Amino acid sequence: MITFKVDNLKSMSAQLSAFAELLKTAAVCEDDIFLSRLVSSELISNAIRHGGEEAEFRCEICVDRINITVRASSFEGVELNPPPPSALAESGRGFYIINSVSLNGIECGEGGTLTVAIKRTDKN
């Protein structure tokens, strides 16, 4: 399990780079690393940019999937399935992208916890 807390975008970037390296050492393929980092970045940056707060990150690497969980109080009551954004929109595409690449969409838990599962593939 991988965990960390961040409260700014610079430290988020450093933590996600370390996260990607840990996924590599766990023999996760490049496509799954890319998707995991994309989902993580979208969730964490939403918490920091829109909530102005710290985000708690947790990742569990399973045989068939990668579970990514981010907790931030600003996620409580958030709309998880907003209408599709315009292709030319400069923002507002994060949850749409996450829902598009995840196994079951974004799952909401208690205390502002959002969890996303990424299906693992066997290609390297």
# chains A, B, ... in the order shown; residues from 1 in each chain; ligands from 1
$ select_by_dssp --residues "chain A" --states "alpha helix (DSSP H)" --output "VMD selection string"
chain A and resid 9 to 25 30 to 51 94 to 101
$ select_by_dssp --residues "chain A" --states "strand (DSSP E)" --output "ChimeraX atom specification"
/A:2-6,55-61,65-71,107-109,113-119
$ residues_around --residues "region 28-37 of chain A" --least-positions-apart "5" --cutoff "8 Å" --atoms "only C-alpha atoms" --output "PyMOL selection string"
chain A and resi 16+19-20+23+66+68+101+118-124
$ write_last_selection --atoms "N, CA and C atoms" --output "mmCIF file, in the first residue's frame"
data_model
loop_
_atom_site.group_PDB
_atom_site.id
_atom_site.type_symbol
_atom_site.label_atom_id
_atom_site.label_comp_id
_atom_site.auth_asym_id
_atom_site.auth_seq_id
_atom_site.Cartn_x
_atom_site.Cartn_y
_atom_site.Cartn_z
ATOM 1 N N LEU A 16 3.717 11.995 -6.948
ATOM 2 C CA LEU A 16 3.221 11.156 -8.036
ATOM 3 C C LEU A 16 4.358 10.561 -8.861
ATOM 4 N N PHE A 19 5.358 7.708 -6.786
ATOM 5 C CA PHE A 19 4.297 6.721 -6.929
ATOM 6 C C PHE A 19 4.481 5.916 -8.220
ATOM 7 N N ALA A 20 4.771 6.592 -9.324
ATOM 8 C CA ALA A 20 4.985 5.913 -10.607
ATOM 9 C C ALA A 20 6.178 4.964 -10.528
ATOM 10 N N LEU A 23 5.121 1.861 -8.717
ATOM 11 C CA LEU A 23 4.325 1.002 -9.591
ATOM 12 C C LEU A 23 5.228 0.213 -10.547
ATOM 13 N N ILE A 66 -5.816 -1.684 -9.720
ATOM 14 C CA ILE A 66 -5.120 -0.732 -8.857
ATOM 15 C C ILE A 66 -6.208 0.158 -8.260
ATOM 16 N N ILE A 68 -7.241 3.363 -6.214
ATOM 17 C CA ILE A 68 -6.735 4.681 -5.845
ATOM 18 C C ILE A 68 -7.807 5.380 -5.024
ATOM 19 N N VAL A 101 -11.957 6.072 -17.804
ATOM 20 C CA VAL A 101 -10.831 5.124 -17.762
ATOM 21 C C VAL A 101 -10.893 4.138 -16.604
ATOM 22 N N ILE A 118 -8.558 0.966 -11.340
ATOM 23 C CA ILE A 118 -7.999 0.864 -12.688
ATOM 24 C C ILE A 118 -7.730 -0.605 -12.959
ATOM 25 N N LYS A 119 -8.253 -1.123 -14.066
ATOM 26 C CA LYS A 119 -8.023 -2.521 -14.423
ATOM 27 C C LYS A 119 -6.569 -2.705 -14.830
ATOM 28 N N ARG A 120 -5.927 -3.722 -14.271
ATOM 29 C CA ARG A 120 -4.546 -4.022 -14.642
ATOM 30 C C ARG A 120 -4.538 -4.864 -15.912
ATOM 31 N N THR A 121 -3.587 -4.578 -16.763
ATOM 32 C CA THR A 121 -3.387 -5.357 -17.974
ATOM 33 C C THR A 121 -2.069 -6.095 -17.857
ATOM 34 N N ASP A 122 -1.856 -7.073 -18.727
ATOM 35 C CA ASP A 122 -0.642 -7.894 -18.644
ATOM 36 C C ASP A 122 0.481 -7.419 -19.538
ATOM 37 N N LYS A 123 0.231 -6.428 -20.388
ATOM 38 C CA LYS A 123 1.285 -6.015 -21.323
ATOM 39 C C LYS A 123 2.364 -5.192 -20.619
ATOM 40 N N ASN A 124 3.573 -5.361 -21.051
ATOM 41 C CA ASN A 124 4.720 -4.606 -20.489
ATOM 42 C C ASN A 124 5.490 -3.914 -21.552
#
$ closest_residue --among "A:Arg58, A:Ser86, A:Ser13, A:Leu103" --to "Leu38 (chain A)" --atoms "only C-alpha atoms"
A:Ser13
$ closest_residue --among "A:Asn104, A:Asn99, A:Asn8, A:Thr3" --to "Leu80 (chain A)" --atoms "only C-alpha atoms"
A:Asn99
$ closest_residue --among "A:Ala27, A:Ile48, A:Ile97, A:Val70" --to "Pro82 (chain A)" --atoms "only C-alpha atoms"
A:Ile97
$ closest_residue --among "A:Ser74, A:Gln15, A:Ser45, A:Asn81" --to "Tyr96 (chain A)" --atoms "only C-alpha atoms"
A:Asn81
$ atom_distance --atom1 "CA of Leu114 (chain A)" --atom2 "CA of Lys5 (chain A)"
14.7 Å
$ atom_distance --atom1 "CA of Glu76 (chain A)" --atom2 "CA of Thr113 (chain A)"
7.6 Å
